[in-house]
file structure-v1.txt (compact mmCIF, C-alpha atoms and all ligand atoms)
# COMPACT_ATOMS: atom_id res chain seq x y z
CA MET Y 267 -12.63 -16.03 21.58
CA THR Y 268 -9.24 -16.53 23.30
CA VAL Y 269 -8.20 -13.32 24.99
CA LYS Y 270 -4.50 -12.52 25.11
CA THR Y 271 -2.96 -9.37 26.49
CA ALA Y 272 0.21 -9.48 24.40
CA TYR Y 273 1.24 -11.30 21.24
CA ASN Y 274 4.41 -12.86 19.82
CA LEU Y 275 5.15 -11.14 16.53
CA ALA Y 276 7.59 -11.87 13.72
CA ILE Y 277 8.55 -9.43 10.99
CA VAL Y 278 9.89 -11.00 7.81
CA GLY Y 279 11.88 -8.48 5.76
CA ALA Y 280 12.61 -6.34 8.81
CA THR Y 281 15.51 -4.48 7.13
CA GLY Y 282 13.48 -3.34 4.11
CA ALA Y 283 11.66 -0.07 3.38
CA VAL Y 284 8.31 -1.52 4.49
CA GLY Y 285 9.75 -3.66 7.33
CA GLN Y 286 11.47 -0.67 8.94
CA LYS Y 287 8.24 1.36 8.84
CA ILE Y 288 6.33 -1.54 10.40
CA ILE Y 289 8.82 -1.60 13.28
CA ASP Y 290 8.49 2.18 13.77
CA ILE Y 291 4.68 2.02 13.75
CA LEU Y 292 4.47 -0.94 16.16
CA ALA Y 293 6.57 1.09 18.59
CA GLU Y 294 4.67 4.33 18.02
CA LYS Y 295 1.22 2.74 18.41
CA ASP Y 296 2.31 0.65 21.39
CA PHE Y 297 1.01 -2.58 19.84
CA PRO Y 298 0.67 -5.23 22.60
CA ILE Y 299 3.82 -7.27 21.97
CA ASN Y 300 5.17 -10.03 24.16
CA GLU Y 301 8.12 -11.02 21.95
CA LEU Y 302 9.20 -9.48 18.63
CA LYS Y 303 11.32 -11.55 16.22
CA VAL Y 304 13.01 -9.69 13.38
CA LEU Y 305 13.73 -11.96 10.43
CA SER Y 306 15.96 -11.33 7.43
CA SER Y 307 17.86 -13.10 4.69
CA GLU Y 308 21.23 -14.67 5.43
CA ARG Y 309 22.85 -11.38 4.31
CA SER Y 310 21.63 -9.41 7.33
CA ALA Y 311 21.38 -12.20 9.93
CA GLY Y 312 23.32 -11.30 13.09
CA LYS Y 313 23.01 -7.53 12.60
CA THR Y 314 20.97 -5.61 15.14
CA ILE Y 315 18.10 -3.15 15.00
CA SER Y 316 16.46 -1.13 17.76
CA PHE Y 317 12.87 -1.40 18.90
CA LYS Y 318 11.76 0.93 21.70
CA ASN Y 319 14.56 0.55 24.26
CA GLN Y 320 15.61 -2.92 23.09
CA THR Y 321 18.28 -4.09 20.67
CA LEU Y 322 16.98 -6.96 18.53
CA THR Y 323 19.21 -9.34 16.58
CA LEU Y 324 18.15 -10.28 13.05
CA GLU Y 325 17.64 -13.98 12.53
CA LYS Y 326 17.63 -15.73 9.15
CA ALA Y 327 13.98 -16.50 8.34
CA SER Y 328 13.31 -20.25 8.29
CA PRO Y 329 10.24 -22.44 8.90
CA GLU Y 330 11.35 -22.96 12.52
CA SER Y 331 11.47 -19.19 13.12
CA PHE Y 332 7.68 -19.25 13.43
CA GLU Y 333 7.45 -21.64 16.39
CA GLY Y 334 5.44 -19.82 19.08
CA VAL Y 335 4.65 -16.84 16.83
CA ASP Y 336 1.06 -15.51 16.97
CA ILE Y 337 1.21 -13.00 14.13
CA ALA Y 338 3.77 -12.87 11.30
CA LEU Y 339 4.05 -9.73 9.18
CA PHE Y 340 5.65 -10.45 5.78
CA SER Y 341 7.27 -7.87 3.49
CA ALA Y 342 10.25 -9.59 1.89
CA GLY Y 343 8.81 -10.15 -1.58
CA GLY Y 344 6.37 -12.64 -3.06
CA SER Y 345 8.75 -15.60 -3.35
CA VAL Y 346 9.63 -15.43 0.37
CA SER Y 347 5.90 -15.26 1.23
CA LYS Y 348 5.15 -18.22 -1.05
CA GLN Y 349 7.86 -20.24 0.63
CA LEU Y 350 7.45 -19.26 4.29
CA ALA Y 351 3.88 -18.03 4.90
CA PRO Y 352 2.44 -21.60 4.78
CA GLU Y 353 5.18 -22.69 7.22
CA ALA Y 354 4.15 -19.91 9.61
CA VAL Y 355 0.46 -20.88 9.32
CA LYS Y 356 1.32 -24.55 9.86
CA ARG Y 357 2.90 -23.52 13.19
CA GLY Y 358 -0.20 -21.61 14.32
CA ALA Y 359 0.62 -18.05 13.26
CA VAL Y 360 -1.72 -15.72 11.42
CA VAL Y 361 0.19 -14.19 8.50
CA ILE Y 362 -0.44 -10.63 7.30
CA ASP Y 363 1.24 -10.51 3.92
CA ASN Y 364 2.28 -7.30 2.18
CA THR Y 365 3.11 -8.99 -1.12
CA SER Y 366 0.89 -9.88 -4.07
CA ALA Y 367 1.52 -13.62 -3.51
CA TYR Y 368 -1.94 -14.40 -2.11
CA ARG Y 369 -4.01 -11.25 -2.72
CA MET Y 370 -6.32 -12.71 -5.31
CA ASP Y 371 -6.76 -16.13 -3.64
CA ASP Y 372 -10.42 -16.74 -2.82
CA ASN Y 373 -9.47 -18.04 0.63
CA VAL Y 374 -7.44 -14.96 1.51
CA PRO Y 375 -9.18 -11.77 2.67
CA LEU Y 376 -7.70 -8.62 1.12
CA ILE Y 377 -8.15 -5.90 3.69
CA VAL Y 378 -8.26 -2.15 4.06
CA PRO Y 379 -9.73 -1.88 7.57
CA GLU Y 380 -11.77 1.30 6.91
CA VAL Y 381 -13.33 -0.44 3.91
CA ASN Y 382 -13.83 -4.15 4.62
CA LYS Y 383 -12.46 -5.21 8.00
CA GLU Y 384 -15.37 -7.64 8.42
CA ASP Y 385 -13.77 -9.81 5.70
CA ILE Y 386 -10.96 -10.63 8.19
CA GLU Y 387 -13.33 -13.10 9.84
CA LYS Y 388 -13.07 -15.45 6.84
CA HIS Y 389 -9.30 -15.85 7.04
CA GLN Y 390 -7.76 -19.31 7.01
CA GLY Y 391 -4.35 -18.25 8.29
CA ILE Y 392 -3.32 -15.67 5.70
CA ILE Y 393 -4.64 -12.11 5.36
CA ALA Y 394 -3.35 -9.97 2.51
CA ASN Y 395 -2.48 -6.29 2.50
CA PRO Y 396 -3.35 -4.73 -0.87
CA ASN Y 397 -1.02 -2.84 -3.18
CA CYS Y 398 -0.33 0.70 -1.95
CA SER Y 399 -1.97 2.40 -4.94
CA THR Y 400 -5.12 0.36 -4.41
CA ILE Y 401 -5.31 1.08 -0.68
CA GLN Y 402 -5.48 4.86 -0.94
CA MET Y 403 -7.94 4.74 -3.84
CA VAL Y 404 -10.44 2.40 -2.17
CA ALA Y 405 -10.17 4.29 1.14
CA ALA Y 406 -11.30 7.44 -0.66
CA LEU Y 407 -13.90 5.82 -2.93
CA LYS Y 408 -15.63 3.27 -0.67
CA PRO Y 409 -17.63 5.96 1.19
CA LEU Y 410 -18.82 7.31 -2.19
CA GLN Y 411 -19.75 3.80 -3.33
CA GLU Y 412 -21.79 3.33 -0.15
CA ALA Y 413 -23.49 6.73 -0.34
CA PHE Y 414 -24.22 7.02 -4.06
CA GLY Y 415 -23.12 3.85 -5.91
CA LEU Y 416 -20.16 3.77 -8.33
CA SER Y 417 -20.12 2.44 -11.88
CA ARG Y 418 -16.69 3.44 -13.27
CA ILE Y 419 -13.21 4.41 -12.05
CA VAL Y 420 -10.43 5.75 -14.30
CA VAL Y 421 -7.21 6.40 -12.38
CA SER Y 422 -3.76 7.71 -13.28
CA THR Y 423 -1.10 7.37 -10.60
CA TYR Y 424 1.96 9.50 -9.80
CA GLN Y 425 3.98 7.05 -7.69
CA ALA Y 426 6.97 7.60 -5.42
CA VAL Y 427 10.21 5.63 -5.90
CA SER Y 428 10.08 4.27 -2.34
CA GLY Y 429 7.36 1.94 -3.67
CA SER Y 430 10.21 0.17 -5.49
CA GLY Y 431 12.28 -0.30 -2.32
CA LEU Y 432 15.40 1.21 -0.78
CA GLU Y 433 17.66 0.52 -3.79
CA ALA Y 434 15.36 2.58 -6.02
CA CYS Y 435 15.58 5.51 -3.59
CA ASP Y 436 19.39 5.29 -3.84
CA GLU Y 437 19.12 5.26 -7.65
CA LEU Y 438 17.04 8.48 -7.63
CA GLU Y 439 19.49 10.15 -5.26
CA ASN Y 440 22.55 9.12 -7.30
CA GLN Y 441 21.04 10.17 -10.63
CA THR Y 442 20.02 13.54 -9.19
CA GLN Y 443 23.59 14.09 -7.98
CA GLN Y 444 24.99 12.98 -11.36
CA HIS Y 445 22.71 15.37 -13.20
CA LEU Y 446 23.64 18.28 -10.94
CA ASN Y 447 27.33 17.39 -11.47
CA LYS Y 448 26.66 17.48 -15.26
CA GLU Y 449 27.56 13.75 -15.48
CA GLU Y 450 25.62 11.14 -17.44
CA MET Y 451 22.94 9.47 -15.29
CA THR Y 452 23.36 5.71 -14.76
CA ALA Y 453 20.09 3.76 -14.81
CA GLU Y 454 20.35 0.17 -13.63
CA LEU Y 455 17.15 -0.57 -11.76
CA LEU Y 456 13.99 1.33 -12.70
CA PRO Y 457 11.40 0.96 -14.05
CA VAL Y 458 11.76 -2.74 -13.10
CA LYS Y 459 14.74 -4.62 -11.68
CA GLY Y 460 15.89 -7.26 -14.17
CA ASP Y 461 13.79 -6.01 -17.11
CA GLN Y 462 15.50 -5.53 -20.50
CA LYS Y 463 15.75 -1.72 -20.38
CA HIS Y 464 16.33 0.86 -17.66
CA TYR Y 465 15.56 4.58 -17.85
CA PRO Y 466 16.61 7.40 -15.52
CA ILE Y 467 13.95 8.31 -12.99
CA ALA Y 468 15.53 11.64 -11.95
CA PHE Y 469 13.89 14.59 -13.78
CA ASN Y 470 11.72 12.08 -15.63
CA ALA Y 471 8.36 10.24 -15.52
CA LEU Y 472 8.18 6.51 -16.32
CA PRO Y 473 4.85 5.06 -17.52
CA GLN Y 474 5.80 1.54 -16.42
CA ILE Y 475 5.45 0.11 -12.91
CA ASP Y 476 6.18 -3.61 -12.81
CA THR Y 477 6.34 -5.76 -15.95
CA PHE Y 478 3.85 -5.80 -18.83
CA HIS Y 479 0.88 -8.14 -18.91
CA GLU Y 480 -0.04 -9.58 -22.33
CA ASN Y 481 -3.05 -7.18 -22.52
CA GLY Y 482 -0.74 -4.12 -22.62
CA TYR Y 483 -1.41 -3.08 -19.03
CA THR Y 484 1.39 -3.36 -16.46
CA LEU Y 485 1.08 -5.68 -13.48
CA GLU Y 486 0.75 -2.67 -11.15
CA GLU Y 487 -2.23 -1.51 -13.24
CA MET Y 488 -3.77 -4.99 -13.18
CA LYS Y 489 -3.27 -5.15 -9.40
CA MET Y 490 -5.21 -1.90 -9.00
CA ILE Y 491 -8.00 -3.15 -11.25
CA ASN Y 492 -8.42 -6.63 -9.74
CA GLU Y 493 -7.79 -5.72 -6.10
CA THR Y 494 -10.25 -2.81 -6.18
CA LYS Y 495 -13.09 -5.06 -7.37
CA LYS Y 496 -12.29 -7.65 -4.70
CA ILE Y 497 -12.02 -5.20 -1.77
CA MET Y 498 -15.12 -3.25 -2.78
CA HIS Y 499 -17.10 -6.44 -3.47
CA ALA Y 500 -17.88 -5.03 -6.90
CA PRO Y 501 -17.00 -7.50 -9.67
CA SER Y 502 -18.90 -5.51 -12.28
CA LEU Y 503 -17.37 -2.11 -11.42
CA SER Y 504 -15.40 -0.76 -14.45
CA VAL Y 505 -11.83 0.09 -13.44
CA ALA Y 506 -9.00 1.32 -15.70
CA ALA Y 507 -5.57 2.38 -14.47
CA THR Y 508 -2.38 3.99 -15.81
CA CYS Y 509 0.52 3.80 -13.35
CA VAL Y 510 3.42 6.24 -13.61
CA ARG Y 511 6.60 6.55 -11.51
CA LEU Y 512 7.80 10.05 -10.63
CA PRO Y 513 11.05 11.33 -9.06
CA VAL Y 514 9.37 11.73 -5.67
CA PHE Y 515 10.66 9.82 -2.63
CA THR Y 516 7.48 9.45 -0.58
CA SER Y 517 3.70 9.38 -1.16
CA HIS Y 518 1.73 8.28 -4.15
CA ALA Y 519 -0.70 10.72 -5.78
CA GLU Y 520 -3.64 9.71 -7.96
CA SER Y 521 -5.86 11.59 -10.37
CA ILE Y 522 -9.18 9.74 -10.20
CA TYR Y 523 -12.25 10.07 -12.41
CA VAL Y 524 -15.38 8.35 -11.08
CA GLU Y 525 -18.85 7.86 -12.44
CA ILE Y 526 -21.47 7.80 -9.73
CA GLU Y 527 -24.81 5.99 -10.04
CA LYS Y 528 -26.93 8.71 -8.44
CA GLU Y 529 -27.90 11.66 -10.64
CA GLY Y 530 -27.78 15.39 -9.90
CA LEU Y 531 -24.99 15.46 -7.29
CA ASN Y 532 -22.63 18.39 -6.87
CA VAL Y 533 -19.16 18.89 -5.36
CA ALA Y 534 -20.62 19.72 -1.91
CA ASP Y 535 -22.30 16.28 -1.82
CA ILE Y 536 -18.96 14.58 -2.50
CA TRP Y 537 -17.18 16.78 0.08
CA GLU Y 538 -19.74 15.90 2.75
CA VAL Y 539 -19.19 12.17 2.29
CA ILE Y 540 -15.39 12.47 2.17
CA GLU Y 541 -15.40 14.62 5.31
CA GLY Y 542 -17.28 11.94 7.21
CA ALA Y 543 -15.01 9.09 6.04
CA GLU Y 544 -12.74 7.28 8.49
CA GLY Y 545 -9.03 7.69 7.74
CA VAL Y 546 -9.70 10.19 4.94
CA VAL Y 547 -9.06 13.93 5.18
CA LEU Y 548 -10.52 16.52 2.82
CA GLU Y 549 -8.05 19.29 1.84
CA ASP Y 550 -9.88 21.13 -0.89
CA ASN Y 551 -10.16 24.87 -1.38
CA PRO Y 552 -9.21 26.46 -4.70
CA ASP Y 553 -9.57 29.96 -3.15
CA THR Y 554 -6.70 29.26 -0.78
CA GLN Y 555 -4.79 26.86 -3.08
CA THR Y 556 -5.49 24.09 -0.58
CA TYR Y 557 -4.87 20.54 -1.85
CA PRO Y 558 -2.67 17.63 -0.73
CA THR Y 559 0.79 16.98 -2.19
CA PRO Y 560 3.26 14.10 -1.71
CA LEU Y 561 5.31 16.22 0.70
CA SER Y 562 2.31 17.30 2.77
CA ALA Y 563 1.04 13.71 3.07
CA ALA Y 564 4.42 12.16 3.96
CA ASN Y 565 4.75 10.47 7.37
CA LYS Y 566 1.00 10.63 7.97
CA THR Y 567 -1.42 7.73 8.33
CA ASP Y 568 -4.39 9.31 6.51
CA VAL Y 569 -5.48 9.46 2.88
CA PHE Y 570 -5.89 13.06 1.67
CA VAL Y 571 -8.41 14.20 -0.96
CA GLY Y 572 -8.53 17.48 -2.87
CA ARG Y 573 -9.35 19.06 -6.25
CA VAL Y 574 -12.88 17.59 -6.32
CA ARG Y 575 -14.60 18.77 -9.52
CA LYS Y 576 -17.73 17.84 -11.38
CA ASP Y 577 -17.12 16.73 -14.97
CA LEU Y 578 -18.08 19.52 -17.37
CA ASP Y 579 -19.87 17.20 -19.82
CA TYR Y 580 -21.20 14.27 -17.82
CA ASP Y 581 -23.58 14.81 -14.87
CA LYS Y 582 -22.49 11.66 -13.02
CA GLY Y 583 -18.72 12.18 -13.51
CA PHE Y 584 -16.39 13.61 -10.84
CA HIS Y 585 -12.62 14.17 -10.75
CA MET Y 586 -10.43 14.21 -7.66
CA TRP Y 587 -6.81 14.08 -6.44
CA VAL Y 588 -5.92 11.53 -3.76
CA VAL Y 589 -2.56 11.45 -1.96
CA SER Y 590 -1.15 9.20 0.78
CA ASP Y 591 2.18 8.01 2.18
CA ASN Y 592 2.76 4.78 0.23
CA LEU Y 593 4.90 3.14 2.92
CA ILE Y 594 2.58 4.10 5.79
CA LYS Y 595 -1.11 3.81 4.82
CA GLY Y 596 0.01 2.05 1.61
CA ALA Y 597 1.88 -0.67 3.50
CA ALA Y 598 3.06 -0.56 7.14
CA TRP Y 599 0.15 1.25 8.83
CA ASN Y 600 -2.47 -0.71 6.91
CA THR Y 601 -0.68 -3.92 8.00
CA VAL Y 602 -0.61 -2.87 11.65
CA GLN Y 603 -4.26 -1.75 11.44
CA ILE Y 604 -5.15 -5.24 10.14
CA ALA Y 605 -3.26 -6.77 13.08
CA GLU Y 606 -5.08 -4.45 15.52
CA SER Y 607 -8.45 -5.31 14.03
CA LEU Y 608 -7.59 -9.02 14.06
CA ILE Y 609 -6.76 -9.07 17.77
CA GLU Y 610 -9.61 -6.75 18.76
CA ASN Y 611 -12.40 -8.42 16.82
CA TYR Y 612 -11.42 -11.69 15.17
CA TRP Y 613 -8.85 -13.51 17.34
CA ARG Y 614 -9.71 -17.19 17.84
P1 LIG L 701 13.12 -3.71 0.17
O1 LIG L 701 13.43 -2.39 0.73
O2 LIG L 701 13.95 -4.24 -0.95
O3 LIG L 701 13.12 -4.78 1.38
C1 LIG L 701 12.94 -6.14 1.28
C2 LIG L 701 13.75 -6.77 2.39
O4 LIG L 701 13.52 -8.17 2.42
C3 LIG L 701 15.22 -6.56 2.18
O5 LIG L 701 15.65 -5.57 3.10
C4 LIG L 701 15.85 -7.92 2.41
O6 LIG L 701 16.79 -7.67 3.39
C5 LIG L 701 14.70 -8.77 2.94
N1 LIG L 701 14.80 -10.15 2.51
C6 LIG L 701 15.22 -10.62 1.33
N2 LIG L 701 15.15 -11.95 1.28
C7 LIG L 701 14.67 -12.33 2.48
C8 LIG L 701 14.38 -13.59 3.08
N3 LIG L 701 14.57 -14.74 2.42
N4 LIG L 701 13.89 -13.61 4.34
C9 LIG L 701 13.70 -12.47 5.03
N5 LIG L 701 13.97 -11.24 4.52
C10 LIG L 701 14.44 -11.18 3.26
O7 LIG L 701 11.65 -3.78 -0.34
P2 LIG L 701 10.34 -3.15 0.30
O8 LIG L 701 10.03 -1.90 -0.41
O9 LIG L 701 10.42 -3.15 1.77
O10 LIG L 701 9.27 -4.21 -0.19
C11 LIG L 701 9.30 -5.54 0.25
C12 LIG L 701 8.09 -6.26 -0.32
O11 LIG L 701 6.92 -5.71 0.27
C13 LIG L 701 7.92 -6.07 -1.83
O12 LIG L 701 8.63 -7.05 -2.56
C14 LIG L 701 6.43 -6.18 -1.99
O13 LIG L 701 6.09 -7.53 -2.14
C15 LIG L 701 5.90 -5.64 -0.69
N6 LIG L 701 5.51 -4.23 -0.83
C16 LIG L 701 4.21 -3.98 -0.78
C17 LIG L 701 3.77 -2.71 -0.93
C18 LIG L 701 2.33 -2.46 -0.94
O14 LIG L 701 1.92 -1.85 -1.89
N7 LIG L 701 1.57 -2.87 0.04
C19 LIG L 701 4.61 -1.66 -1.14
C20 LIG L 701 5.95 -1.93 -1.18
C21 LIG L 701 6.38 -3.23 -1.02
P3 LIG L 701 17.98 -8.53 3.91
O15 LIG L 701 18.62 -9.22 2.74
O16 LIG L 701 18.79 -7.48 4.55
O17 LIG L 701 17.35 -9.45 4.87
O1 LIG L 702 5.76 0.25 -7.04
C1 LIG L 702 5.07 0.62 -6.09
O2 LIG L 702 4.88 1.82 -5.84
C2 LIG L 702 4.42 -0.39 -5.23
C3 LIG L 702 5.08 -1.69 -5.38
C4 LIG L 702 4.69 -2.77 -4.77
C5 LIG L 702 5.35 -4.04 -5.01
C6 LIG L 702 6.69 -4.08 -5.36
C7 LIG L 702 7.31 -5.30 -5.62
C8 LIG L 702 6.61 -6.46 -5.54
C9 LIG L 702 4.63 -5.22 -4.88
C10 LIG L 702 3.21 -5.18 -4.43
O3 LIG L 702 3.00 -4.93 -3.27
O4 LIG L 702 2.31 -5.38 -5.24
C11 LIG L 702 5.26 -6.43 -5.17
C12 LIG L 702 4.51 -7.71 -5.10
O5 LIG L 702 4.42 -8.24 -4.02
O6 LIG L 702 4.07 -8.17 -6.14
call {"tool": "encode", "arguments": {"input": "structure-v1.txt", "output": "C-alpha cells", "more": "lines below"}}
Ligand code: NAP
Ligand code: 3JN
result
Amino acid sequence: MTVKTAYNLAIVGATGAVGQKIIDILAEKDFPINELKVLSSERSAGKTISFKNQTLTLEKASPESFEGVDIALFSAGGSVSKQLAPEAVKRGAVVIDNTSAYRMDDNVPLIVPEVNKEDIEKHQGIIANPNCSTIQMVAALKPLQEAFGLSRIVVSTYQAVSGSGLEACDELENQTQQHLNKEEMTAELLPVKGDQKHYPIAFNALPQIDTFHENGYTLEEMKMINETKKIMHAPSLSVAATCVRLPVFTSHAESIYVEIEKEGLNVADIWEVIEGAEGVVLEDNPDTQTYPTPLSAANKTDVFVGRVRKDLDYDKGFHMWVVSDNLIKGAAWNTVQIAESLIENYWR
C-alpha cells in the first residue's frame, strides 16, 4: 500500500447543492488535502468559492482537469459523470460518483461505509455513492439483517425538495410566497424537470420522484429497490418502495415495514440492535413524544430511528420511522466517508 499524507482532490459540480456540502464537510472534518480543484460548467468558471481560509477559482471541468488528481468527487449529474469519470480514471484518479450513472455496474462498488465498506477493495477506479433514500434505509436495516435476517422491506418515503437541487428549493420558496400573497402558484420544475406536467410542491405532496419506469414504479423507487439488494448482498430480499416529495427543505423521512426471519422478537430486541449500530441513533419514546423529524435531523451526519412498533397481525413484521439529512448522510458525508475509508484501508 502506498502511504500518502495528503491527497489532490477535485470536486465536479462544486457549485451545486451536493457539491457545496462536500466542500463544507471536507473543511469541517479536516480531510488530508494537498490541493483542491473546484470544477464547474462553463457558466460558473472563473467565479470563486471559499475553502477554509483559501479562495478557490472554479475551473471548467475537462478531461485535462484530472491530471495529478488522486480522488475526484462527482456530483454534477449522470451525463457529466458518464463523460468525465472515465477520463479521470484514465489519468489515475479514483472517482467517487454521487450520480446513478454507474451504481448498478458489476465492476463498481456501491458503498455505505457502515454497511459494506469492504466492497471498496474491488473498485476498478470508480466507486458509487447510492441514492440518498437508499443510504438511510440500509444504514438502519443492515444491523437488523445481520442480527435476525430480513425477508421483506416495504418503504414509503417523505422526501425533501433539496434532493431535487437548488432550483427546486427556489421553486418551493417562491410558491410558498405566492400562496401567502394569495397569488396563483407557478410550477415549472417539480416533480421532474422537463417532464410533461408540473405540479406545485408548496402545501402539497407529489407521489412522483423522477420519471416513470414501464412497470409503473418511478426511477427513484427502482433505485431504492435495486440498490438496496446490491448493497445488502441480498438479491432475493423483497423490496417495494413508494417515493413521495413533500414541501420540506432538508431531510428525507421514511416509513419502513420489515419482515424479519427470526420469530418471537419484540420492540426491545429491535431497539437493542439499533442502539448498537454505527452511524444510527435511536430516538424512540412514545411517553415523551420522542421521535426524529426532518428538522431535528437536519445538518447532522447520523441516521435517526423512531416509532418502532411490532405489527399487530404478523409476528415477524415491524414498522419504523427513519430520518436523515439527505444532502449530508444521503450524499456529501457518505461520499467523504467513502474517501476516508478508501485512503485509510484501500489505497493502492
Ligand atoms: P444542483 O444543485 O443542480 O448542482 C449541480 C451542479 O453541477 C450545478 O451547480 C452546476 O453548476 C454543475 N454542473 C453542471 N454541468 C456541469 C459540468 N459539465 N461540469 C461541472 N459541473 C457542472 O444539483 P445537486 O442537487 O447538487 O445534484 C447534483 C447531482 O448529484 C444530481 O444530478 C445527482 O446525480 C446527484 N445527487 C445525488 C444524490 C444522492 O442521492 N446521493 C442526491 C442529490 C443529488 P454550474 O453550472 O454552476 O457549474
Ligand atoms: O430526489 C431526491 O431526493 C434524490 C435525487 C437524486 C438524484 C437526482 C437527480 C439525478 C439522482 C440520484 O442520485 O439518483 C440523480 C441521478 O444521478 O440519477
call {"tool": "atom_distance", "arguments": {"input": "structure-v1.txt", "atom1": "atom N7 of ligand LIG 701 (chain L)", "atom2": "CA of Glu387 (chain Y)"}}
result
20.6 Å
call {"tool": "residues_around", "arguments": {"input": "structure-v1.txt", "residues": "Ile467 (chain Y)", "least_positions_apart": "2", "cutoff": "8 Å", "atoms": "only C-alpha atoms", "output": "PyMOL selection string"}}
result
chain Y and resi 438+441+453+456-457+465+469-472+511-513
call {"tool": "residues_near_point", "arguments": {"input": "structure-v1.txt", "point": "(10.0, -4.9, 6.0)", "cutoff": "12 Å", "atoms": "all atoms listed in the file", "output": "PyMOL selection string"}}
result
chain Y and resi 276-291+304-307+338-343+346+362-365+431-432+593-594+597-599+601
call {"tool": "residues_near_point", "arguments": {"input": "structure-v1.txt", "point": "(-12.7, 21.8, -1.1)", "cutoff": "9 Å", "atoms": "only C-alpha atoms", "output": "number ranges by chain"}}
result
Y: 533-534, 537, 548-553, 556-557, 571-574
call {"tool": "write_last_selection", "arguments": {"input": "structure-v1.txt", "atoms": "C-alpha atoms", "output": "CSV table (one decimal), keeping the file's coordinate frame"}}
result
chain,number,residue,atom,x,y,z
Y,533,VAL,CA,-19.2,18.9,-5.4
Y,534,ALA,CA,-20.6,19.7,-1.9
Y,537,TRP,CA,-17.2,16.8,0.1
Y,548,LEU,CA,-10.5,16.5,2.8
Y,549,GLU,CA,-8.0,19.3,1.8
Y,550,ASP,CA,-9.9,21.1,-0.9
Y,551,ASN,CA,-10.2,24.9,-1.4
Y,552,PRO,CA,-9.2,26.5,-4.7
Y,553,ASP,CA,-9.6,30.0,-3.2
Y,556,THR,CA,-5.5,24.1,-0.6
Y,557,TYR,CA,-4.9,20.5,-1.8
Y,571,VAL,CA,-8.4,14.2,-1.0
Y,572,GLY,CA,-8.5,17.5,-2.9
Y,573,ARG,CA,-9.4,19.1,-6.2
Y,574,VAL,CA,-12.9,17.6,-6.3
call {"tool": "closest_atom_pairs", "arguments": {"input": "structure-v1.txt", "of": "chain Y", "to": "ligand LIG 702 (chain L)", "cutoff": "8 Å", "atoms": "only C-alpha atoms and all ligand atoms", "output": "tab-separated table"}}
result
residue	atom	partner	partner_atom	distance
Y:Gly343	CA	L:LIG702	O5	5.4
Y:Gly344	CA	L:LIG702	O5	4.9
Y:Asn364	CA	L:LIG702	O3	6.0
Y:Thr365	CA	L:LIG702	O5	3.3
Y:Ser366	CA	L:LIG702	O5	3.9
Y:Ala367	CA	L:LIG702	O5	6.1
Y:Pro396	CA	L:LIG702	O3	6.8
Y:Asn397	CA	L:LIG702	O3	4.5
Y:Cys398	CA	L:LIG702	C2	5.9
Y:Ser399	CA	L:LIG702	O2	6.9
Y:Gln425	CA	L:LIG702	O2	5.6
Y:Ala426	CA	L:LIG702	O2	6.2
Y:Val427	CA	L:LIG702	O2	6.6
Y:Ser428	CA	L:LIG702	O2	6.7
Y:Gly429	CA	L:LIG702	O2	3.3
Y:Ser430	CA	L:LIG702	O1	4.7
Y:Gly431	CA	L:LIG702	C6	7.4
Y:Ile475	CA	L:LIG702	O1	5.9
Y:Asp476	CA	L:LIG702	O1	7.0
Y:Glu486	CA	L:LIG702	O4	6.7
Y:Lys489	CA	L:LIG702	O4	7.0
Y:Arg511	CA	L:LIG702	O2	7.6
Y:His518	CA	L:LIG702	O2	7.4
Y:Asn592	CA	L:LIG702	O2	7.1
call {"tool": "residues_around", "arguments": {"input": "structure-v1.txt", "residues": "Val269 (chain Y)", "least_positions_apart": "3", "cutoff": "9 Å", "atoms": "only C-alpha atoms", "output": "JSON, numbers by chain"}}
result
{"Y": [609, 613, 614]}
call {"tool": "residues_around", "arguments": {"input": "structure-v1.txt", "residues": "Lys528 (chain Y)", "least_positions_apart": "4", "cutoff": "8 Å", "atoms": "all atoms listed in the file", "output": "PyMOL selection string"}}
result
chain Y and resi 414-415+582
call {"tool": "write_last_selection", "arguments": {"input": "structure-v1.txt", "atoms": "C-alpha atoms", "output": "short mmCIF file (atom, residue, chain, number, x, y, z; two decimals), in the coordinates of the input"}}
result
data_model
loop_
_atom_site.label_atom_id
_atom_site.label_comp_id
_atom_site.auth_asym_id
_atom_site.auth_seq_id
_atom_site.Cartn_x
_atom_site.Cartn_y
_atom_site.Cartn_z
CA PHE Y 414 -24.22 7.02 -4.06
CA GLY Y 415 -23.12 3.85 -5.91
CA LYS Y 582 -22.49 11.66 -13.02
#
call {"tool": "closest_residue", "arguments": {"input": "structure-v1.txt", "among": "Y:Lys595, Y:Arg369, Y:Arg418, Y:Lys566", "to": "Val505 (chain Y)", "atoms": "only C-alpha atoms"}}
result
Y:Arg418
call {"tool": "closest_residue", "arguments": {"input": "structure-v1.txt", "among": "Y:Ser517, Y:Gln603, Y:Thr321, Y:Ser328", "to": "ligand LIG 701 (chain L)", "atoms": "all atoms listed in the file"}}
result
Y:Ser328
